[in-house]
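Heads up, the thing below is written out as structure tokens.
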Amino acid sequence: MLFMAQMQVNLPPDLAPEIADKLKSDEKALSQRLQREGKWVHLWRVAGRYANVSIFDVADNDELHTLLSSLPLFPYMDINVTALARHPSAI
């Protein structure tokens, strides 16, 4: 199943820089692994914000929830998820 996730990261201003750097490094490593595995199909930065729009290809809602909640930055994210279906005019 395809899902679009719009993710806004809201790190607390008082978060220690070394903790923020570790979270970001771990997030990058996990996201790149999931991209190589074909689960994180697209990852787009939202210009001017600490946010992204991503497309995931996973088995179901439960797998998506498990994946998203495993992200190191998850506790600091606002996430909106939309299920996607193929458009009849798509090539």
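Ligands are numbered from 1 in the order shown, residues from 1 within each chain, and chains are lettered A, B, ... in the order they appear in the structure tokens.
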message = I'd like the contact shell of segment 12-22 of chain A - 10 Å cut-off, only C-alpha atoms, skipping same-chain residues fewer than 6 positions apart - returned as a PyMOL selection string.
response = chain A and resi 28+72-73+76
Given the selection you just returned, output its residues as a file containing N, CA, C and O atoms, formatted as an mmCIF file, in the first residue's frame.
data_model
loop_
_atom_site.group_PDB
_atom_site.id
_atom_site.type_symbol
_atom_site.label_atom_id
_atom_site.label_comp_id
_atom_site.auth_asym_id
_atom_site.auth_seq_id
_atom_site.Cartn_x
_atom_site.Cartn_y
_atom_site.Cartn_z
ATOM 1 N N LYS A 28 19.032 9.813 9.511
ATOM 2 C CA LYS A 28 19.544 9.706 8.141
ATOM 3 C C LYS A 28 19.899 8.267 7.801
ATOM 4 O O LYS A 28 19.536 7.764 6.735
ATOM 5 N N PRO A 72 14.077 7.959 14.769
ATOM 6 C CA PRO A 72 14.661 8.627 15.934
ATOM 7 C C PRO A 72 14.047 9.995 16.229
ATOM 8 O O PRO A 72 13.945 10.394 17.396
ATOM 9 N N LEU A 73 13.617 10.714 15.195
ATOM 10 C CA LEU A 73 13.020 12.040 15.402
ATOM 11 C C LEU A 73 11.509 11.982 15.656
ATOM 12 O O LEU A 73 10.878 13.017 15.860
ATOM 13 N N TYR A 76 9.547 14.134 18.081
ATOM 14 C CA TYR A 76 9.557 15.572 17.802
ATOM 15 C C TYR A 76 8.850 15.921 16.494
ATOM 16 O O TYR A 76 9.027 17.012 15.963
#
key: Residue contacts of Ser70 of chain A (12 Å, only C-alpha atoms) excluding same-chain residues fewer than 4 positions away, as a ChimeraX atom specification   = /A:23,26-27,30-31,34,63-66,74-75,77
Top pick for closest residue to Val46 of chain A, considering A:Val9, A:Leu2, A:Ile91, A:Ala59 and counting only C-alpha atoms =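 With only C-alpha atoms as the atom set, the closest residue is A:Val9.
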Write down as a PDB file with N, CA, C and O atoms, in the first residue's frame the residues belonging to chain A that are assigned alpha helix (DSSP H) by DSSP computed on the backbone.
ATOM      1  N   PRO A  17      22.826  20.359  21.558  1.00  0.00           N
ATOM      2  CA  PRO A  17      23.249  20.173  20.163  1.00  0.00           C
ATOM      3  C   PRO A  17      23.792  18.776  19.869  1.00  0.00           C
ATOM      4  O   PRO A  17      23.535  18.231  18.802  1.00  0.00           O
ATOM      5  N   GLU A  18      24.524  18.180  20.826  1.00  0.00           N
ATOM      6  CA  GLU A  18      25.068  16.835  20.561  1.00  0.00           C
ATOM      7  C   GLU A  18      23.959  15.789  20.496  1.00  0.00           C
ATOM      8  O   GLU A  18      24.056  14.822  19.731  1.00  0.00           O
ATOM      9  N   ILE A  19      22.883  15.973  21.251  1.00  0.00           N
ATOM     10  CA  ILE A  19      21.742  15.051  21.180  1.00  0.00           C
ATOM     11  C   ILE A  19      21.018  15.240  19.854  1.00  0.00           C
ATOM     12  O   ILE A  19      20.678  14.259  19.178  1.00  0.00           O
ATOM     13  N   ALA A  20      20.808  16.488  19.456  1.00  0.00           N
ATOM     14  CA  ALA A  20      20.153  16.770  18.171  1.00  0.00           C
ATOM     15  C   ALA A  20      20.970  16.194  17.015  1.00  0.00           C
ATOM     16  O   ALA A  20      20.407  15.573  16.099  1.00  0.00           O
ATOM     17  N   ASP A  21      22.274  16.362  17.052  1.00  0.00           N
ATOM     18  CA  ASP A  21      23.137  15.836  15.988  1.00  0.00           C
ATOM     19  C   ASP A  21      23.061  14.316  15.914  1.00  0.00           C
ATOM     20  O   ASP A  21      23.026  13.737  14.821  1.00  0.00           O
ATOM     21  N   LYS A  22      23.038  13.648  17.055  1.00  0.00           N
ATOM     22  CA  LYS A  22      22.943  12.177  17.092  1.00  0.00           C
ATOM     23  C   LYS A  22      21.604  11.723  16.526  1.00  0.00           C
ATOM     24  O   LYS A  22      21.541  10.775  15.724  1.00  0.00           O
ATOM     25  N   LEU A  23      20.514  12.379  16.928  1.00  0.00           N
ATOM     26  CA  LEU A  23      19.192  12.030  16.408  1.00  0.00           C
ATOM     27  C   LEU A  23      19.149  12.179  14.890  1.00  0.00           C
ATOM     28  O   LEU A  23      18.652  11.306  14.179  1.00  0.00           O
ATOM     29  N   LYS A  24      19.689  13.279  14.383  1.00  0.00           N
ATOM     30  CA  LYS A  24      19.685  13.528  12.935  1.00  0.00           C
ATOM     31  C   LYS A  24      20.529  12.499  12.194  1.00  0.00           C
ATOM     32  O   LYS A  24      20.136  12.013  11.125  1.00  0.00           O
ATOM     33  N   SER A  25      21.669  12.145  12.749  1.00  0.00           N
ATOM     34  CA  SER A  25      22.538  11.141  12.129  1.00  0.00           C
ATOM     35  C   SER A  25      21.858   9.773  12.092  1.00  0.00           C
ATOM     36  O   SER A  25      21.884   9.081  11.064  1.00  0.00           O
ATOM     37  N   ASP A  26      21.250   9.391  13.201  1.00  0.00           N
ATOM     38  CA  ASP A  26      20.542   8.108  13.261  1.00  0.00           C
ATOM     39  C   ASP A  26      19.345   8.097  12.311  1.00  0.00           C
ATOM     40  O   ASP A  26      19.067   7.082  11.652  1.00  0.00           O
ATOM     41  N   GLU A  27      18.636   9.226  12.235  1.00  0.00           N
ATOM     42  CA  GLU A  27      17.483   9.349  11.327  1.00  0.00           C
ATOM     43  C   GLU A  27      17.929   9.171   9.876  1.00  0.00           C
ATOM     44  O   GLU A  27      17.289   8.460   9.099  1.00  0.00           O
ATOM     45  N   LYS A  28      19.032   9.813   9.511  1.00  0.00           N
ATOM     46  CA  LYS A  28      19.544   9.706   8.141  1.00  0.00           C
ATOM     47  C   LYS A  28      19.899   8.267   7.801  1.00  0.00           C
ATOM     48  O   LYS A  28      19.536   7.764   6.735  1.00  0.00           O
ATOM     49  N   ALA A  29      20.589   7.601   8.704  1.00  0.00           N
ATOM     50  CA  ALA A  29      20.988   6.214   8.459  1.00  0.00           C
ATOM     51  C   ALA A  29      19.769   5.309   8.276  1.00  0.00           C
ATOM     52  O   ALA A  29      19.724   4.491   7.351  1.00  0.00           O
ATOM     53  N   LEU A  30      18.774   5.449   9.148  1.00  0.00           N
ATOM     54  CA  LEU A  30      17.576   4.617   9.046  1.00  0.00           C
ATOM     55  C   LEU A  30      16.787   4.940   7.784  1.00  0.00           C
ATOM     56  O   LEU A  30      16.351   4.034   7.069  1.00  0.00           O
ATOM     57  N   SER A  31      16.631   6.222   7.470  1.00  0.00           N
ATOM     58  CA  SER A  31      15.860   6.578   6.273  1.00  0.00           C
ATOM     59  C   SER A  31      16.535   6.058   5.004  1.00  0.00           C
ATOM     60  O   SER A  31      15.861   5.586   4.090  1.00  0.00           O
ATOM     61  N   GLN A  32      17.868   6.109   4.966  1.00  0.00           N
ATOM     62  CA  GLN A  32      18.558   5.602   3.781  1.00  0.00           C
ATOM     63  C   GLN A  32      18.457   4.091   3.671  1.00  0.00           C
ATOM     64  O   GLN A  32      18.318   3.553   2.573  1.00  0.00           O
ATOM     65  N   ARG A  33      18.476   3.397   4.798  1.00  0.00           N
ATOM     66  CA  ARG A  33      18.286   1.934   4.770  1.00  0.00           C
ATOM     67  C   ARG A  33      16.891   1.605   4.248  1.00  0.00           C
ATOM     68  O   ARG A  33      16.721   0.736   3.378  1.00  0.00           O
ATOM     69  N   LEU A  34      15.875   2.313   4.743  1.00  0.00           N
ATOM     70  CA  LEU A  34      14.495   2.061   4.314  1.00  0.00           C
ATOM     71  C   LEU A  34      14.304   2.412   2.842  1.00  0.00           C
ATOM     72  O   LEU A  34      13.533   1.755   2.137  1.00  0.00           O
ATOM     73  N   GLN A  35      15.033   3.416   2.353  1.00  0.00           N
ATOM     74  CA  GLN A  35      14.972   3.742   0.929  1.00  0.00           C
ATOM     75  C   GLN A  35      15.587   2.618   0.097  1.00  0.00           C
ATOM     76  O   GLN A  35      15.020   2.215  -0.930  1.00  0.00           O
ATOM     77  N   ARG A  36      16.728   2.115   0.543  1.00  0.00           N
ATOM     78  CA  ARG A  36      17.374   1.003  -0.187  1.00  0.00           C
ATOM     79  C   ARG A  36      16.492  -0.247  -0.201  1.00  0.00           C
ATOM     80  O   ARG A  36      16.500  -1.013  -1.156  1.00  0.00           O
ATOM     81  N   ASN A  61      -1.396  -0.409   7.266  1.00  0.00           N
ATOM     82  CA  ASN A  61      -1.342   0.682   8.251  1.00  0.00           C
ATOM     83  C   ASN A  61      -0.414   0.348   9.407  1.00  0.00           C
ATOM     84  O   ASN A  61       0.323   1.214   9.896  1.00  0.00           O
ATOM     85  N   ASP A  62      -0.471  -0.884   9.861  1.00  0.00           N
ATOM     86  CA  ASP A  62       0.351  -1.282  11.008  1.00  0.00           C
ATOM     87  C   ASP A  62       1.845  -1.195  10.693  1.00  0.00           C
ATOM     88  O   ASP A  62       2.627  -0.735  11.521  1.00  0.00           O
ATOM     89  N   GLU A  63       2.232  -1.648   9.505  1.00  0.00           N
ATOM     90  CA  GLU A  63       3.644  -1.556   9.144  1.00  0.00           C
ATOM     91  C   GLU A  63       4.078  -0.099   9.056  1.00  0.00           C
ATOM     92  O   GLU A  63       5.169   0.263   9.505  1.00  0.00           O
ATOM     93  N   LEU A  64       3.223   0.756   8.481  1.00  0.00           N
ATOM     94  CA  LEU A  64       3.568   2.171   8.403  1.00  0.00           C
ATOM     95  C   LEU A  64       3.725   2.763   9.797  1.00  0.00           C
ATOM     96  O   LEU A  64       4.682   3.484  10.067  1.00  0.00           O
ATOM     97  N   HIS A  65       2.800   2.457  10.692  1.00  0.00           N
ATOM     98  CA  HIS A  65       2.890   2.991  12.057  1.00  0.00           C
ATOM     99  C   HIS A  65       4.182   2.528  12.739  1.00  0.00           C
ATOM    100  O   HIS A  65       4.872   3.331  13.377  1.00  0.00           O
ATOM    101  N   THR A  66       4.505   1.266  12.590  1.00  0.00           N
ATOM    102  CA  THR A  66       5.737   0.738  13.189  1.00  0.00           C
ATOM    103  C   THR A  66       6.962   1.437  12.619  1.00  0.00           C
ATOM    104  O   THR A  66       7.867   1.827  13.365  1.00  0.00           O
ATOM    105  N   LEU A  67       6.980   1.636  11.308  1.00  0.00           N
ATOM    106  CA  LEU A  67       8.096   2.304  10.655  1.00  0.00           C
ATOM    107  C   LEU A  67       8.227   3.742  11.155  1.00  0.00           C
ATOM    108  O   LEU A  67       9.304   4.169  11.579  1.00  0.00           O
ATOM    109  N   LEU A  68       7.130   4.498  11.110  1.00  0.00           N
ATOM    110  CA  LEU A  68       7.191   5.902  11.525  1.00  0.00           C
ATOM    111  C   LEU A  68       7.585   6.048  12.988  1.00  0.00           C
ATOM    112  O   LEU A  68       8.405   6.906  13.334  1.00  0.00           O
ATOM    113  N   SER A  69       7.019   5.222  13.834  1.00  0.00           N
ATOM    114  CA  SER A  69       7.305   5.347  15.262  1.00  0.00           C
ATOM    115  C   SER A  69       8.722   4.880  15.611  1.00  0.00           C
ATOM    116  O   SER A  69       9.210   5.171  16.701  1.00  0.00           O
TER     117      SER A  69
END
Segment 47-54 of chain A environment, 9 Å, only C-alpha atoms, sequence neighbours closer than 3 positions dropped, as a PyMOL selection string = chain A and resi 3-10+40-44+77
task = Write down as a PyMOL selection string the residues of segment 26-87 of chain A whose backbone DSSP state falls under strand (DSSP E or B).
result = chain A and resi 40-45+51-57+77-84
Atoms to include: N, CA, C and O atoms. Write the selected residues as a compact mmCIF listing (two decimals), in the first residue's frame.
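Output file selection-v7.txt follows:
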# COMPACT_ATOMS: atom_id res chain seq x y z
N TRP A 40 10.69 3.25 1.71
CA TRP A 40 10.61 4.72 1.68
C TRP A 40 10.90 5.10 0.24
O TRP A 40 12.05 5.27 -0.16
N VAL A 41 9.85 5.22 -0.57
CA VAL A 41 9.98 5.34 -2.02
C VAL A 41 10.45 6.72 -2.46
O VAL A 41 11.26 6.85 -3.38
N HIS A 42 9.92 7.77 -1.84
CA HIS A 42 10.30 9.15 -2.17
C HIS A 42 10.47 9.94 -0.89
O HIS A 42 9.72 9.74 0.08
N LEU A 43 11.42 10.87 -0.91
CA LEU A 43 11.68 11.75 0.23
C LEU A 43 11.98 13.13 -0.33
O LEU A 43 12.99 13.32 -1.02
N TRP A 44 11.07 14.07 -0.05
CA TRP A 44 11.20 15.43 -0.58
C TRP A 44 11.23 16.43 0.57
O TRP A 44 10.38 16.40 1.46
N ARG A 45 12.20 17.33 0.58
CA ARG A 45 12.26 18.41 1.54
C ARG A 45 11.20 19.45 1.18
O ARG A 45 10.98 19.74 0.01
N ALA A 51 10.89 20.14 7.33
CA ALA A 51 9.76 19.26 7.04
C ALA A 51 10.03 18.50 5.76
O ALA A 51 10.88 18.90 4.95
N ASN A 52 9.30 17.40 5.57
CA ASN A 52 9.41 16.65 4.33
C ASN A 52 8.06 16.06 3.95
O ASN A 52 7.16 15.97 4.78
N VAL A 53 7.98 15.69 2.70
CA VAL A 53 6.86 14.90 2.18
C VAL A 53 7.48 13.60 1.69
O VAL A 53 8.43 13.62 0.90
N SER A 54 6.94 12.50 2.16
CA SER A 54 7.50 11.19 1.84
C SER A 54 6.42 10.25 1.34
O SER A 54 5.25 10.37 1.73
N ILE A 55 6.81 9.33 0.47
CA ILE A 55 5.92 8.28 0.00
C ILE A 55 6.50 6.95 0.49
O ILE A 55 7.69 6.66 0.29
N PHE A 56 5.64 6.18 1.14
CA PHE A 56 6.03 4.87 1.67
C PHE A 56 5.25 3.78 0.94
O PHE A 56 4.07 3.96 0.62
N ASP A 57 5.90 2.66 0.70
CA ASP A 57 5.26 1.49 0.10
C ASP A 57 5.42 0.35 1.10
O ASP A 57 6.48 -0.27 1.21
N MET A 77 8.06 14.98 15.97
CA MET A 77 7.42 15.19 14.67
C MET A 77 5.91 15.33 14.80
O MET A 77 5.28 14.66 15.63
N ASP A 78 5.36 16.19 13.94
CA ASP A 78 3.93 16.19 13.66
C ASP A 78 3.80 15.53 12.30
O ASP A 78 4.43 15.98 11.33
N ILE A 79 3.01 14.45 12.21
CA ILE A 79 2.92 13.67 10.99
C ILE A 79 1.45 13.57 10.56
O ILE A 79 0.58 13.25 11.36
N ASN A 80 1.22 13.85 9.29
CA ASN A 80 -0.09 13.65 8.68
C ASN A 80 0.07 12.60 7.59
O ASN A 80 0.92 12.74 6.71
N VAL A 81 -0.76 11.55 7.66
CA VAL A 81 -0.66 10.43 6.73
C VAL A 81 -1.92 10.39 5.86
O VAL A 81 -3.03 10.56 6.35
N THR A 82 -1.70 10.14 4.57
CA THR A 82 -2.79 9.99 3.60
C THR A 82 -2.56 8.70 2.82
O THR A 82 -1.47 8.50 2.26
N ALA A 83 -3.56 7.83 2.80
CA ALA A 83 -3.49 6.63 1.96
C ALA A 83 -3.64 7.04 0.50
O ALA A 83 -4.43 7.94 0.19
N LEU A 84 -2.88 6.40 -0.37
CA LEU A 84 -2.91 6.74 -1.80
C LEU A 84 -3.44 5.57 -2.62
O LEU A 84 -3.25 4.41 -2.27
